[in-house]
Amino acid sequence: MTDLIRKQIYIRRRQELVLRRLAKARGVSEAEIIRQAIDDKLSGHLPSIPADSPSLDAFVRFALARRKHGRTAKPYRWNRDELYKERKAS
């Protein structure tokens, strides 16, 4: 399971009743209903990256390679040309 962050919210009494009934009907926790509602609401607003994205694969390989070096005295300096190399090649 992913890391969860604790949040406290205030909801209306009507929302509490509907939330409780919905959770019971679906056989899940009230928190899961709230998480699903947040995901549904935000799904049209967040950029999506396909799971098989070549860019994502390249980033993961890069991150794993960097991790092997451990912490160094100097932070890595990003170079704009490196970041957009594949766009220039097109």
# chains A, B, ... in the order shown; residues from 1 in each chain; ligands from 1

call {"tool": "select_by_dssp", "arguments": {"residues": "region 3-79 of chain A", "states": "helix (DSSP H, G or I)", "output": "ChimeraX atom specification"}}
result
/A:13-26,30-42,54-69

call {"tool": "residues_around", "arguments": {"residues": "region 76-84 of chain A", "least_positions_apart": "6", "cutoff": "12 Å", "atoms": "only C-alpha atoms", "output": "PDB file with C-alpha atoms, in the first residue's frame"}}
result
ATOM      1  CA  SER A  55      10.209   9.331 -20.994  1.00  0.00           C
ATOM      2  CA  ALA A  58      14.381   7.036 -19.208  1.00  0.00           C
ATOM      3  CA  PHE A  59      13.815   9.011 -16.020  1.00  0.00           C
ATOM      4  CA  PHE A  62      18.545   8.013 -14.815  1.00  0.00           C
ATOM      5  CA  ALA A  63      17.330   8.172 -11.200  1.00  0.00           C
ATOM      6  CA  ARG A  66      22.185   8.698  -9.882  1.00  0.00           C
ATOM      7  CA  ARG A  67      21.263   6.795  -6.727  1.00  0.00           C
ATOM      8  CA  HIS A  69      26.529   7.664  -6.754  1.00  0.00           C
ATOM      9  CA  GLY A  70      25.037   8.520  -3.371  1.00  0.00           C
ATOM     10  CA  SER A  90      12.754  15.241 -33.741  1.00  0.00           C
TER      11      SER A  90
END

call {"tool": "atom_distance", "arguments": {"atom1": "CA of Ile38 (chain A)", "atom2": "CA of Tyr10 (chain A)"}}
result
14.9 Å

call {"tool": "closest_residue", "arguments": {"among": "A:Asp57, A:Lys24, A:Ala65, A:Ile34", "to": "Ile11 (chain A)", "atoms": "only C-alpha atoms"}}
result
A:Ile34
